[in-house]
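To start, the structure itself, in structure tokens.
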Amino acid sequence: MISIPVLLLLIFAAGLLAFIAHHTIPVLRDAIVIIAITIAGYIVWQLPGQTSNVNFSIGMFAINWGVTEYSQLFGLLIAVLSFFALIYSSAFMANKERLGYFYMNFMFSIGAMFGIVYSQDLISLFFFWEIMTWSSFMLTIYCCEEAQSVGLKYFIFSAIGAYSILTAIVIIYSGLGSLQLANIFANFGTMSIAAKLAVVILLITGFGVKSAMMPLHVWAPDAYKMSPAPYTAIFSGALSKMGIFGIGLVLFKLAAGQGFYPYVQEILAWIGALTALFSTFYAIFQTDAKKLLAYSSIGQLGYIITGLAIGTPLSITAALFLTIMHGIFKSMLFLSVGAVYYRTGTTNMNEVSGLIRKMPYTFFTALFGIITVAGIPPLGGFAGKWMLYESLIQSNHYFLVIVIFFASTAAFLYLYRFIFSMFLGQEEKETENVKEAPLRMIVPMLILAVSTLVFGVFPGLLLKPISGAMGYLGNFQHAWETSVLFNNWGSEIDLNTIVTSIGGVFIIAWILITVKGYRKNRYVTTKDIHTSGEVPTGNENLTYAIDFYKPFERALGSVLKPSVDKLYNYTGKLLEDSFEHLRYVYTGNGQTYAMYVMGFLLILFLFSELIFGVAL
Amino acid sequence: MNFSPVHFIAVPLFAAFLIPIVGRFSKEAVKLIPGLVLLYLSYVAISLYPIALQKPIVEIIAGFKPPFGISLYFGPLAAFLVTMVMLIGLVIWLYSYKFIIREPLEKYYMLFMLVIAGATGIMITGDIFNMFVFLEITSIAAYSLTAFLRDKDGAEAAFKYLLIGSFSSTFYLLAVMLIYANTGTLNIADIAAKMQTVPNQPKIFIMILFLVGFGIESELFPLNGWAPDAYSQAPSPIGGVFGGIVVKASTYAMMRFAFVLFNFHSMFELILVLGVITMLIAEMSAMRQQQIKRMLAFSSIGQMGLIMIAFGVGTDASVRAALFQVFNHAVIKTLLFLAAGYLVFHSGSKKISALDGLGHNKPITSFFFALGALAIIGLPPFSGFWSKLYILTSVAKGGFLASVVLILFSGIIEAIYYLRVVGRLYFKKDVSQDNVRRTPISGLVAMGILAVVILYVGLYPHQIIDLIKPAAHDLVDKAAYIKYGLLH
């Protein structure tokens, strides 16, 4: 029973069953999806034991599904995140409307992602890619009427991406006559240079849309904001990784070794770095927590793309490590924002503050999340960032290091704002009755949070499967050990020491604070802050959370003003207006139509020599 | 029982003759007769199918052997198309059963039977003048059906259709005369055999006449001015009849002549270019339409452009892809027209803006529309995905990469305007007050059948491809057509 068709069938059938159950026996709905994803997780875990590929043909295309170490890495990520997201959503989505629709599309997009990673031919990859697109589109527009235009934008960009991939597929097919990945990887070099370059560019564009690579990212902030929190966790955590999955394949299995490879690498590395830089700036000025995280997500994917593009064993290790870590911590962060939304009904950072006492576990998750994003030891982000910097320096990309280091430092600004606005600061009257989120939401968040600590101390747990995946990508080898990072200068970082020392500092600090300051806590009111003796009037802004980074915004505003988003909107409007004019070709007048017919006939007669080569 | 392809023409013609007479006694019988006829003919088509696959059935009328008498040629292609027409016709009849409640019922069903007789006649006749007769039968029935609702707009649309359609008939007849003058025969297979001897000049002249004549009926730009009005003013099931049956018949004729009579390289290139232009202009025009049925009409024209592109590439693989798209378009567009029929009926307006929130009130009909929309955009796992994929791969293999890009570009436009409508259906506030009227069961069953076909073909495309392969071969293989058509 451990096989890919069973896995796919299970997930898709569970989606359909959940839909039916919602309309007949709603109690079963959540149970069905959770049981299905649990079994699916087990199957994914056991899959590498199944060596035989699944072959069949549809029409004239041979379909091939199989497991590689590379796909296994992503498959496990999808399974784990989906499991936690579904448990979370059984509480989060309770009593919402149209849950049949929600769970059906949720399961379909999970199934589609499994399909993508286990496809060994481009037809089934594209097939599942499109299912993933429409199911995630359905969930983007799920919430409300405002989501309609957001969803449409997401769909347009996805369609552009998907059709880029499709164009690449037909070019490959007309060149090689086969769409099996193995054949394509082996014979790609035999195609003409123009075709090869076109294929690589088209595929990177197509995959880049899903991984929100600038300038193709404009759909992401709004789409992430509009989708329900449990799905946003998957959207950003796993679905965007499908783009990374594809880019990895293109870079190392197709482009590598071609004449243009170094240029592709260099350009892509810079695109990734600039994506990281600009999205960090944009993230700083968001007032909506989910949009902030969305921009942060775009930035993190930028690091990953840079890591892949550099193409040294260390940088690929770093990229894949960050891929997994980003999947985990971005899910945590979106889930914790979802928990805040669940209790307070808003994700606007200006509206809630001081939740730390009300929602300690959510705060804990969010704190672990931002520490991981920032790449501070002892959590998992550190190892990834460290390896990325090191690989950039080793391969002499000093400017890239500066850009990425800058982006990474600037990220502290929005991370601090995120945690401060929502959890720290004054408690507000409106949030007086807020309670901690229910257990089914807290437990998944906490497990994910603890896992970042585990992977931070023992990165080797992840490096083992990653080095397997790299073996598939092209015999890249990088030494690793469970809790030690090596570098090429011969020095090594023992994470255990770091963890022990950091832990020691924390314990000492905790003891000191407890002993010294416990009794001295003084509760303050909103007005009891630095007003220099003056009593503030009611309409004065006393909350830091509002206009948090106003000075920065003033300084950077002009740089960030010319947005690509506006350019796209303008182009779209221009096109649509021109269509509006064009449609008056159909005047509605019978005489005009008769003229068209006669005119067309005349043209054919008069220019028959030109068209058919025979004069009349 | 001994079936013969003649039944496809004789039975509906006889039914059309019978319906007005029966109508004097029983309205219920008028409604039932077309259903029985179509059921019987579907059975005939399916039971003749395996025989036609082995060897084309050539039926001789009145004992005159070809090339002298009229003969019917029922090969794999005709079998494929006729079966499709009969099944689509059956679904449309089922839908019309409760949908067409306006008198005169017997005229509606009589004209419907005439369209079926004419369209199948075009597909199976082996005689070029006989085809003219069927073309006229189909066209005149189609003009009348356009004006069936007897309102001002319908009359205007029918008049435009008549005006442009008469150009088509004239050109066709002129071409037939020229062919007869040059070859001395009217049997298509015989003409095909003798066409080499005809000098180039009259040959091109004839070809242009055919191209324009059939181009009008197959909605090629700039000859398709009649189509948006006719589609949107005719009763909704007739939109399905136009898109799934009438247009497909003339497309068949155009392709048959293109491959068998002329086989000019430049003709295919011209069809390809016209297909691209048709598709682009139609999709762009569809984007800003205010009325749902006009939008569907433009989308239908766009799909015809896509089919023409695939035919225009002219390879074996691309003809297969085109036939696949012919099938998918017939099924999906019929579903869309049928669903739109009830959506318009329930919202009480033809405007797209009147559809807001109808998804809550009429969930099943809206669901069918949404499914059809996703399928026609070409999303997996629906049938439209495979035909689009086949078209793209075959067009790319033919070396027309620019066309691939343009097809995908128009695909994006298509996605935008369809998803806008679907979004309105489901995610706008419900404005309709129509809670009483429900979509009748017969209508739902009709749409359900088409939806199941879309899903089934989407999951098992090879079932259809197995049927299309011999059909495409039948179209491309000129020598076999001459050999069988002349009973050699």
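Starting from 1 in every chain, residues are counted up; chains themselves are A, B, ... following the order of the structure tokens, and ligands are numbered from 1 as listed.
Within the 10 Å cut-off around Ala289 (chain A), using only C-alpha atoms and omitting residues fewer than 2 positions from it on the same chain, the listed residues are A:Lys225, A:Ala283, A:Gln286, A:Thr287, A:Lys291, A:Leu292, A:Leu293, A:Ala294, A:Leu333, A:Phe334, A:Val337, A:Gly338, A:Tyr341, A:Thr346, A:Thr347, A:Asn348, A:Met349, A:Asn350, A:Tyr414, A:Arg417, A:Phe418, A:Ile419, A:Ser421, A:Met422.
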Please produce a file of the residues just selected, as a PDB file, in the first residue's frame, where the atoms kept are N, CA and C atoms.
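Generated output (part08.pdb):
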```
ATOM      1  N   LYS A 225      -2.412  37.627   2.600  1.00  0.00           N
ATOM      2  CA  LYS A 225      -3.257  38.277   3.606  1.00  0.00           C
ATOM      3  C   LYS A 225      -4.683  37.732   3.543  1.00  0.00           C
ATOM      4  N   ALA A 283       8.470  45.380   4.017  1.00  0.00           N
ATOM      5  CA  ALA A 283       7.915  44.756   5.221  1.00  0.00           C
ATOM      6  C   ALA A 283       7.925  45.717   6.395  1.00  0.00           C
ATOM      7  N   GLN A 286       4.692  47.911   6.753  1.00  0.00           N
ATOM      8  CA  GLN A 286       3.340  47.355   6.740  1.00  0.00           C
ATOM      9  C   GLN A 286       2.683  47.558   8.092  1.00  0.00           C
ATOM     10  N   THR A 287       1.381  47.776   8.073  1.00  0.00           N
ATOM     11  CA  THR A 287       0.665  47.842   9.340  1.00  0.00           C
ATOM     12  C   THR A 287      -0.113  46.560   9.583  1.00  0.00           C
ATOM     13  N   LYS A 291       0.558  40.915   6.053  1.00  0.00           N
ATOM     14  CA  LYS A 291       1.296  41.467   4.917  1.00  0.00           C
ATOM     15  C   LYS A 291       2.769  41.617   5.262  1.00  0.00           C
ATOM     16  N   LEU A 292       3.033  41.989   6.509  1.00  0.00           N
ATOM     17  CA  LEU A 292       4.425  42.078   6.952  1.00  0.00           C
ATOM     18  C   LEU A 292       5.105  40.726   6.788  1.00  0.00           C
ATOM     19  N   LEU A 293       4.423  39.698   7.261  1.00  0.00           N
ATOM     20  CA  LEU A 293       5.008  38.355   7.143  1.00  0.00           C
ATOM     21  C   LEU A 293       5.129  37.949   5.681  1.00  0.00           C
ATOM     22  N   ALA A 294       4.170  38.394   4.864  1.00  0.00           N
ATOM     23  CA  ALA A 294       4.232  38.043   3.447  1.00  0.00           C
ATOM     24  C   ALA A 294       5.478  38.625   2.812  1.00  0.00           C
ATOM     25  N   LEU A 333       4.843  31.557  12.324  1.00  0.00           N
ATOM     26  CA  LEU A 333       4.480  32.968  12.436  1.00  0.00           C
ATOM     27  C   LEU A 333       3.069  33.213  11.914  1.00  0.00           C
ATOM     28  N   PHE A 334       2.750  32.610  10.749  1.00  0.00           N
ATOM     29  CA  PHE A 334       1.401  32.819  10.221  1.00  0.00           C
ATOM     30  C   PHE A 334       0.367  32.195  11.154  1.00  0.00           C
ATOM     31  N   VAL A 337      -0.083  34.555  14.120  1.00  0.00           N
ATOM     32  CA  VAL A 337      -0.909  35.698  13.741  1.00  0.00           C
ATOM     33  C   VAL A 337      -2.363  35.250  13.606  1.00  0.00           C
ATOM     34  N   GLY A 338      -2.540  34.053  13.071  1.00  0.00           N
ATOM     35  CA  GLY A 338      -3.889  33.507  12.961  1.00  0.00           C
ATOM     36  C   GLY A 338      -4.536  33.355  14.329  1.00  0.00           C
ATOM     37  N   TYR A 341      -5.662  36.633  15.421  1.00  0.00           N
ATOM     38  CA  TYR A 341      -6.862  36.986  14.662  1.00  0.00           C
ATOM     39  C   TYR A 341      -8.073  36.240  15.209  1.00  0.00           C
ATOM     40  N   THR A 346      -8.575  40.700  14.287  1.00  0.00           N
ATOM     41  CA  THR A 346      -7.848  41.611  13.402  1.00  0.00           C
ATOM     42  C   THR A 346      -6.398  41.162  13.264  1.00  0.00           C
ATOM     43  N   THR A 347      -5.820  41.550  12.150  1.00  0.00           N
ATOM     44  CA  THR A 347      -4.382  41.319  11.993  1.00  0.00           C
ATOM     45  C   THR A 347      -3.668  42.655  11.866  1.00  0.00           C
ATOM     46  N   ASN A 348      -4.414  43.730  12.109  1.00  0.00           N
ATOM     47  CA  ASN A 348      -3.822  45.054  12.032  1.00  0.00           C
ATOM     48  C   ASN A 348      -3.017  45.319  13.296  1.00  0.00           C
ATOM     49  N   MET A 349      -1.725  45.631  13.111  1.00  0.00           N
ATOM     50  CA  MET A 349      -0.845  45.745  14.280  1.00  0.00           C
ATOM     51  C   MET A 349      -1.139  47.001  15.088  1.00  0.00           C
ATOM     52  N   ASN A 350      -1.838  47.972  14.488  1.00  0.00           N
ATOM     53  CA  ASN A 350      -2.188  49.174  15.242  1.00  0.00           C
ATOM     54  C   ASN A 350      -3.323  48.926  16.215  1.00  0.00           C
ATOM     55  N   TYR A 414      11.594  45.085  11.188  1.00  0.00           N
ATOM     56  CA  TYR A 414      10.197  44.667  11.101  1.00  0.00           C
ATOM     57  C   TYR A 414       9.889  43.526  12.068  1.00  0.00           C
ATOM     58  N   ARG A 417       9.178  45.164  15.294  1.00  0.00           N
ATOM     59  CA  ARG A 417       7.877  45.807  15.254  1.00  0.00           C
ATOM     60  C   ARG A 417       6.754  44.784  15.385  1.00  0.00           C
ATOM     61  N   PHE A 418       6.949  43.681  14.686  1.00  0.00           N
ATOM     62  CA  PHE A 418       5.939  42.627  14.697  1.00  0.00           C
ATOM     63  C   PHE A 418       5.669  42.165  16.126  1.00  0.00           C
ATOM     64  N   ILE A 419       6.734  41.839  16.848  1.00  0.00           N
ATOM     65  CA  ILE A 419       6.540  41.274  18.182  1.00  0.00           C
ATOM     66  C   ILE A 419       6.115  42.366  19.165  1.00  0.00           C
ATOM     67  N   SER A 421       4.444  45.339  18.501  1.00  0.00           N
ATOM     68  CA  SER A 421       3.108  45.898  18.295  1.00  0.00           C
ATOM     69  C   SER A 421       2.031  44.975  18.828  1.00  0.00           C
ATOM     70  N   MET A 422       2.211  43.709  18.582  1.00  0.00           N
ATOM     71  CA  MET A 422       1.114  42.817  18.926  1.00  0.00           C
ATOM     72  C   MET A 422       1.193  42.314  20.356  1.00  0.00           C
TER      73      MET A 422
END
```
Q) Can you list every residue in region 178-385 of chain B that DSSP puts in alpha helix (DSSP H), as JSON, numbers by chain? A) {"B": [178, 179, 180, 181, 182, 183, 188, 189, 190, 191, 192, 193, 194, 200, 201, 202, 203, 204, 205, 206, 207, 208, 209, 210, 211, 212, 213, 214, 215, 216, 217, 226, 227, 228, 229, 230, 231, 232, 233, 236, 237, 238, 239, 240, 241, 247, 248, 249, 250, 251, 252, 253, 254, 255, 256, 257, 265, 266, 267, 268, 269, 270, 271, 272, 273, 274, 275, 276, 277, 278, 279, 280, 281, 282, 283, 284, 285, 286, 287, 292, 293, 294, 295, 296, 297, 298, 299, 300, 301, 302, 303, 304, 305, 306, 307, 308, 309, 310, 311, 312, 313, 316, 317, 318, 319, 320, 321, 322, 323, 324, 325, 326, 327, 328, 329, 330, 331, 332, 333, 334, 335, 336, 337, 338, 339, 340, 341, 342, 343, 344, 345, 346, 347, 358, 359, 360, 361, 363, 364, 365, 366, 367, 368, 369, 370, 371, 372, 373, 374, 375, 376, 377, 383, 384, 385]}
So that I have them on file, write out the residues from the current selection with C-alpha atoms, as a compact mmCIF listing (two decimals), in the first residue's frame.
```txt
# COMPACT_ATOMS: atom_id res chain seq x y z
CA LEU B 178 -16.72 26.08 -61.35
CA ILE B 179 -15.74 22.64 -60.16
CA TYR B 180 -18.37 21.04 -62.33
CA ALA B 181 -17.24 23.09 -65.30
CA ASN B 182 -13.66 22.06 -64.77
CA THR B 183 -13.93 18.43 -63.76
CA ILE B 188 -16.11 14.59 -53.95
CA ALA B 189 -13.84 11.57 -54.28
CA ASP B 190 -13.99 11.81 -58.05
CA ILE B 191 -13.26 15.54 -57.95
CA ALA B 192 -10.32 14.84 -55.66
CA ALA B 193 -8.95 12.37 -58.21
CA LYS B 194 -9.39 14.80 -61.10
CA ASN B 200 -3.88 26.48 -61.04
CA GLN B 201 -5.86 29.62 -61.74
CA PRO B 202 -9.41 28.26 -61.50
CA LYS B 203 -8.24 26.03 -58.68
CA ILE B 204 -7.17 29.00 -56.58
CA PHE B 205 -10.36 30.80 -57.53
CA ILE B 206 -12.44 27.86 -56.33
CA MET B 207 -10.38 27.58 -53.20
CA ILE B 208 -10.88 31.22 -52.27
CA LEU B 209 -14.62 30.85 -52.77
CA PHE B 210 -14.71 27.80 -50.51
CA LEU B 211 -12.51 29.45 -47.95
CA VAL B 212 -14.75 32.49 -47.69
CA GLY B 213 -17.94 30.46 -47.88
CA PHE B 214 -16.99 28.07 -45.13
CA GLY B 215 -15.07 30.75 -43.28
CA ILE B 216 -18.35 32.55 -42.74
CA GLU B 217 -19.98 29.50 -41.22
CA TRP B 226 -23.15 37.41 -37.61
CA ALA B 227 -22.06 35.12 -34.82
CA PRO B 228 -22.16 37.21 -31.61
CA ASP B 229 -25.68 38.44 -32.33
CA ALA B 230 -27.01 35.09 -33.43
CA TYR B 231 -25.61 33.28 -30.40
CA SER B 232 -26.89 35.81 -27.92
CA GLN B 233 -30.36 36.28 -29.37
CA SER B 236 -29.88 29.35 -24.96
CA PRO B 237 -29.93 25.68 -26.03
CA ILE B 238 -29.60 26.91 -29.61
CA GLY B 239 -26.34 28.54 -28.62
CA GLY B 240 -25.19 25.01 -27.88
CA VAL B 241 -26.57 23.83 -31.20
CA VAL B 247 -20.29 25.39 -36.84
CA LYS B 248 -18.64 22.00 -36.51
CA ALA B 249 -20.36 20.77 -39.68
CA SER B 250 -18.98 23.57 -41.80
CA THR B 251 -15.57 23.26 -40.17
CA TYR B 252 -15.64 19.62 -41.19
CA ALA B 253 -16.49 20.57 -44.78
CA MET B 254 -13.75 23.17 -44.94
CA MET B 255 -11.15 20.74 -43.64
CA ARG B 256 -12.30 17.89 -45.85
CA PHE B 257 -11.97 20.10 -48.92
CA HIS B 265 0.63 24.56 -48.37
CA SER B 266 -0.21 28.25 -48.52
CA MET B 267 -3.87 27.56 -47.86
CA PHE B 268 -3.02 25.94 -44.53
CA GLU B 269 -0.77 28.82 -43.65
CA LEU B 270 -3.57 31.24 -44.39
CA ILE B 271 -5.95 29.24 -42.20
CA LEU B 272 -3.37 29.28 -39.42
CA VAL B 273 -2.94 33.03 -39.63
CA LEU B 274 -6.69 33.59 -39.80
CA GLY B 275 -7.10 31.30 -36.83
CA VAL B 276 -4.63 33.31 -34.77
CA ILE B 277 -6.30 36.60 -35.69
CA THR B 278 -9.78 35.20 -35.04
CA MET B 279 -8.75 33.88 -31.66
CA LEU B 280 -7.03 37.06 -30.51
CA ILE B 281 -9.74 39.46 -31.62
CA ALA B 282 -12.53 37.30 -30.27
CA GLU B 283 -10.92 36.81 -26.86
CA MET B 284 -10.11 40.50 -26.57
CA SER B 285 -13.68 41.41 -27.51
CA ALA B 286 -15.08 38.92 -25.03
CA MET B 287 -13.21 40.62 -22.20
CA ILE B 292 -23.12 36.69 -20.62
CA LYS B 293 -24.33 35.06 -23.80
CA ARG B 294 -22.42 37.52 -25.97
CA MET B 295 -19.35 36.75 -23.91
CA LEU B 296 -19.87 33.04 -24.53
CA ALA B 297 -20.37 33.77 -28.23
CA PHE B 298 -17.03 35.54 -28.48
CA SER B 299 -15.38 32.80 -26.47
CA SER B 300 -16.87 30.33 -28.93
CA ILE B 301 -15.38 32.25 -31.85
CA GLY B 302 -12.06 32.29 -30.03
CA GLN B 303 -12.17 28.53 -29.64
CA MET B 304 -12.93 28.14 -33.33
CA GLY B 305 -9.82 30.22 -33.99
CA LEU B 306 -7.86 27.80 -31.83
CA ILE B 307 -9.25 24.84 -33.76
CA MET B 308 -8.34 26.53 -37.04
CA ILE B 309 -4.78 27.11 -35.84
CA ALA B 310 -4.41 23.42 -35.14
CA PHE B 311 -5.90 22.50 -38.52
CA GLY B 312 -3.70 25.08 -40.16
CA VAL B 313 -0.54 23.40 -38.93
CA ASP B 316 -1.23 14.40 -38.42
CA ALA B 317 -0.71 15.27 -34.75
CA SER B 318 -2.19 18.72 -35.08
CA VAL B 319 -5.29 17.43 -36.87
CA ARG B 320 -5.76 15.02 -34.00
CA ALA B 321 -5.41 17.88 -31.54
CA ALA B 322 -7.89 19.93 -33.54
CA LEU B 323 -10.47 17.14 -33.57
CA PHE B 324 -9.98 16.70 -29.84
CA GLN B 325 -10.63 20.40 -29.40
CA VAL B 326 -13.68 20.12 -31.68
CA PHE B 327 -15.07 17.50 -29.35
CA ASN B 328 -14.19 19.38 -26.17
CA HIS B 329 -15.50 22.64 -27.46
CA ALA B 330 -18.77 21.02 -28.44
CA VAL B 331 -19.21 19.52 -24.99
CA ILE B 332 -17.93 22.37 -22.84
CA LYS B 333 -19.47 25.24 -24.74
CA THR B 334 -22.80 23.44 -24.82
CA LEU B 335 -22.59 23.05 -21.04
CA LEU B 336 -21.77 26.73 -20.67
CA PHE B 337 -24.67 27.79 -22.87
CA LEU B 338 -27.08 25.49 -21.08
CA ALA B 339 -25.97 26.71 -17.65
CA ALA B 340 -26.03 30.32 -18.82
CA GLY B 341 -29.56 29.73 -20.09
CA TYR B 342 -30.86 29.05 -16.62
CA LEU B 343 -28.66 31.70 -15.02
CA VAL B 344 -30.16 34.29 -17.37
CA PHE B 345 -33.61 32.86 -16.72
CA HIS B 346 -33.23 33.06 -12.96
CA SER B 347 -31.61 36.46 -12.81
CA LEU B 358 -26.53 33.59 -7.86
CA GLY B 359 -24.21 30.82 -6.69
CA HIS B 360 -25.92 30.79 -3.30
CA ASN B 361 -29.39 30.73 -4.72
CA PRO B 363 -25.82 26.33 -6.48
CA ILE B 364 -26.00 23.45 -8.95
CA THR B 365 -26.47 25.48 -12.11
CA SER B 366 -23.74 27.86 -10.98
CA PHE B 367 -21.47 24.94 -10.21
CA PHE B 368 -21.94 23.59 -13.73
CA PHE B 369 -21.12 26.98 -15.17
CA ALA B 370 -17.99 27.23 -13.01
CA LEU B 371 -16.92 23.74 -14.04
CA GLY B 372 -17.42 24.59 -17.70
CA ALA B 373 -15.44 27.79 -17.25
CA LEU B 374 -12.50 25.99 -15.64
CA ALA B 375 -12.61 23.36 -18.35
CA ILE B 376 -12.65 25.78 -21.25
CA ILE B 377 -9.74 27.75 -19.77
CA SER B 383 -10.95 17.69 -20.62
CA GLY B 384 -10.03 21.12 -22.00
CA PHE B 385 -6.54 20.76 -20.56
```
Q | Contact residues around Gly118 (chain B) with only C-alpha atoms at 10 Å, ignoring same-chain residues under 4 positions, as number ranges by chain | A | B: 8-9, 12-13, 112-114, 122-123, 131-141, 245-246, 249
Output file for the residues above (C-alpha atoms, as an mmCIF file, in the first residue's frame):
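Now in part01.cif:
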```cif
data_model
loop_
_atom_site.group_PDB
_atom_site.id
_atom_site.type_symbol
_atom_site.label_atom_id
_atom_site.label_comp_id
_atom_site.auth_asym_id
_atom_site.auth_seq_id
_atom_site.Cartn_x
_atom_site.Cartn_y
_atom_site.Cartn_z
ATOM 1 C CA PHE B 8 -29.116 9.922 -40.107
ATOM 2 C CA ILE B 9 -30.681 12.089 -42.767
ATOM 3 C CA PRO B 12 -34.843 13.486 -38.684
ATOM 4 C CA LEU B 13 -36.193 14.822 -41.978
ATOM 5 C CA PHE B 112 -34.105 21.494 -34.424
ATOM 6 C CA MET B 113 -34.624 18.251 -36.365
ATOM 7 C CA LEU B 114 -33.772 20.062 -39.603
ATOM 8 C CA ILE B 122 -22.909 17.761 -44.492
ATOM 9 C CA MET B 123 -20.745 15.390 -42.508
ATOM 10 C CA MET B 131 -23.697 19.146 -49.527
ATOM 11 C CA PHE B 132 -24.995 22.465 -50.799
ATOM 12 C CA VAL B 133 -28.537 21.282 -50.153
ATOM 13 C CA PHE B 134 -27.691 20.260 -46.618
ATOM 14 C CA LEU B 135 -25.823 23.489 -46.065
ATOM 15 C CA GLU B 136 -28.977 25.376 -47.044
ATOM 16 C CA ILE B 137 -31.192 23.219 -44.843
ATOM 17 C CA THR B 138 -28.915 23.817 -41.869
ATOM 18 C CA SER B 139 -28.554 27.514 -42.511
ATOM 19 C CA ILE B 140 -32.242 28.238 -43.044
ATOM 20 C CA ALA B 141 -33.199 26.290 -39.942
ATOM 21 C CA ILE B 245 -23.272 21.222 -34.257
ATOM 22 C CA VAL B 246 -23.741 23.843 -36.977
ATOM 23 C CA ALA B 249 -20.356 20.770 -39.684
#
```
Distance filter 8 Å, only C-alpha atoms, chain A against chain B, as a PDB file with C-alpha atoms, in the first residue's frame:
```pdb
ATOM      1  CA  ILE A  58      -2.182   9.148 -21.039  1.00  0.00           C
ATOM      2  CA  GLY A  59      -2.871   9.736 -24.691  1.00  0.00           C
ATOM      3  CA  MET A  60       0.519  10.058 -26.310  1.00  0.00           C
ATOM      4  CA  PHE A 127      -0.930  18.856 -14.543  1.00  0.00           C
ATOM      5  CA  PHE A 128      -0.473  19.013 -10.769  1.00  0.00           C
ATOM      6  CA  GLU A 130      -2.268  23.756 -12.481  1.00  0.00           C
ATOM      7  CA  ILE A 131      -4.369  21.914  -9.908  1.00  0.00           C
ATOM      8  CA  TRP A 134      -6.599  26.728  -9.034  1.00  0.00           C
ATOM      9  CA  ILE A 141     -10.906  34.160  -2.797  1.00  0.00           C
ATOM     10  CA  CYS A 144     -14.776  37.688   1.226  1.00  0.00           C
ATOM     11  CA  GLU A 145     -15.726  39.943  -1.591  1.00  0.00           C
ATOM     12  CA  GLN A 148     -11.946  38.798  -5.591  1.00  0.00           C
ATOM     13  CA  LEU A 152      -7.748  37.434  -9.927  1.00  0.00           C
ATOM     14  CA  ILE A 156      -3.228  36.090 -13.732  1.00  0.00           C
ATOM     15  CA  ALA A 159      -1.316  31.786 -15.419  1.00  0.00           C
ATOM     16  CA  ILE A 160       1.613  33.774 -16.795  1.00  0.00           C
ATOM     17  CA  TYR A 163       2.102  29.275 -19.407  1.00  0.00           C
ATOM     18  CA  THR A 167       5.862  27.058 -23.439  1.00  0.00           C
ATOM     19  CA  VAL A 170       6.431  22.390 -25.730  1.00  0.00           C
ATOM     20  CA  ILE A 171       9.859  23.685 -26.751  1.00  0.00           C
ATOM     21  CA  TYR A 173       8.962  18.359 -26.519  1.00  0.00           C
ATOM     22  CA  SER A 174       9.503  19.624 -30.032  1.00  0.00           C
ATOM     23  CA  GLY A 175      13.248  19.482 -29.505  1.00  0.00           C
ATOM     24  CA  GLU A 576      -8.202  46.348 -21.264  1.00  0.00           C
ATOM     25  CA  PHE A 579      -9.647  45.719 -25.969  1.00  0.00           C
ATOM     26  CA  GLU A 580     -12.633  47.954 -25.352  1.00  0.00           C
ATOM     27  CA  LEU A 582     -11.038  46.788 -30.454  1.00  0.00           C
ATOM     28  CA  ARG A 583     -14.364  45.163 -29.775  1.00  0.00           C
ATOM     29  CA  TYR A 586     -18.042  44.207 -34.294  1.00  0.00           C
ATOM     30  CA  GLY A 588     -23.510  45.338 -34.807  1.00  0.00           C
ATOM     31  CA  ASN A 589     -24.353  46.578 -38.285  1.00  0.00           C
ATOM     32  CA  GLY A 590     -25.149  43.959 -40.895  1.00  0.00           C
ATOM     33  CA  TYR A 593     -20.271  42.773 -41.785  1.00  0.00           C
ATOM     34  CA  ALA A 594     -21.227  42.304 -45.430  1.00  0.00           C
ATOM     35  CA  TYR A 596     -16.016  42.795 -44.299  1.00  0.00           C
ATOM     36  CA  VAL A 597     -16.908  39.667 -46.243  1.00  0.00           C
ATOM     37  CA  PHE A 600     -11.873  39.938 -47.436  1.00  0.00           C
ATOM     38  CA  LEU A 601     -12.825  38.207 -50.681  1.00  0.00           C
ATOM     39  CA  LEU A 604      -7.764  37.314 -51.359  1.00  0.00           C
ATOM     40  CA  PHE A 605      -8.395  37.819 -55.066  1.00  0.00           C
ATOM     41  CA  ILE A 611      -0.713  34.677 -50.616  1.00  0.00           C
ATOM     42  CA  PHE A 612      -0.973  31.589 -52.785  1.00  0.00           C
ATOM     43  CA  VAL A 614      -0.759  32.168 -58.272  1.00  0.00           C
ATOM     44  CA  ALA A 615      -2.047  35.314 -59.946  1.00  0.00           C
ATOM     45  CA  LEU A 616      -5.692  35.404 -60.919  1.00  0.00           C
TER      46      LEU A 616
END
```
Q: Tell me, as a ChimeraX atom specification, which residues lie within 10 Å of Ala229 (chain A), counting only C-alpha atoms; anything in the same chain fewer than 4 positions away does not count.
A: /A:85,88-89,92-93,224-225,233-235,290,331,333-339,341-342
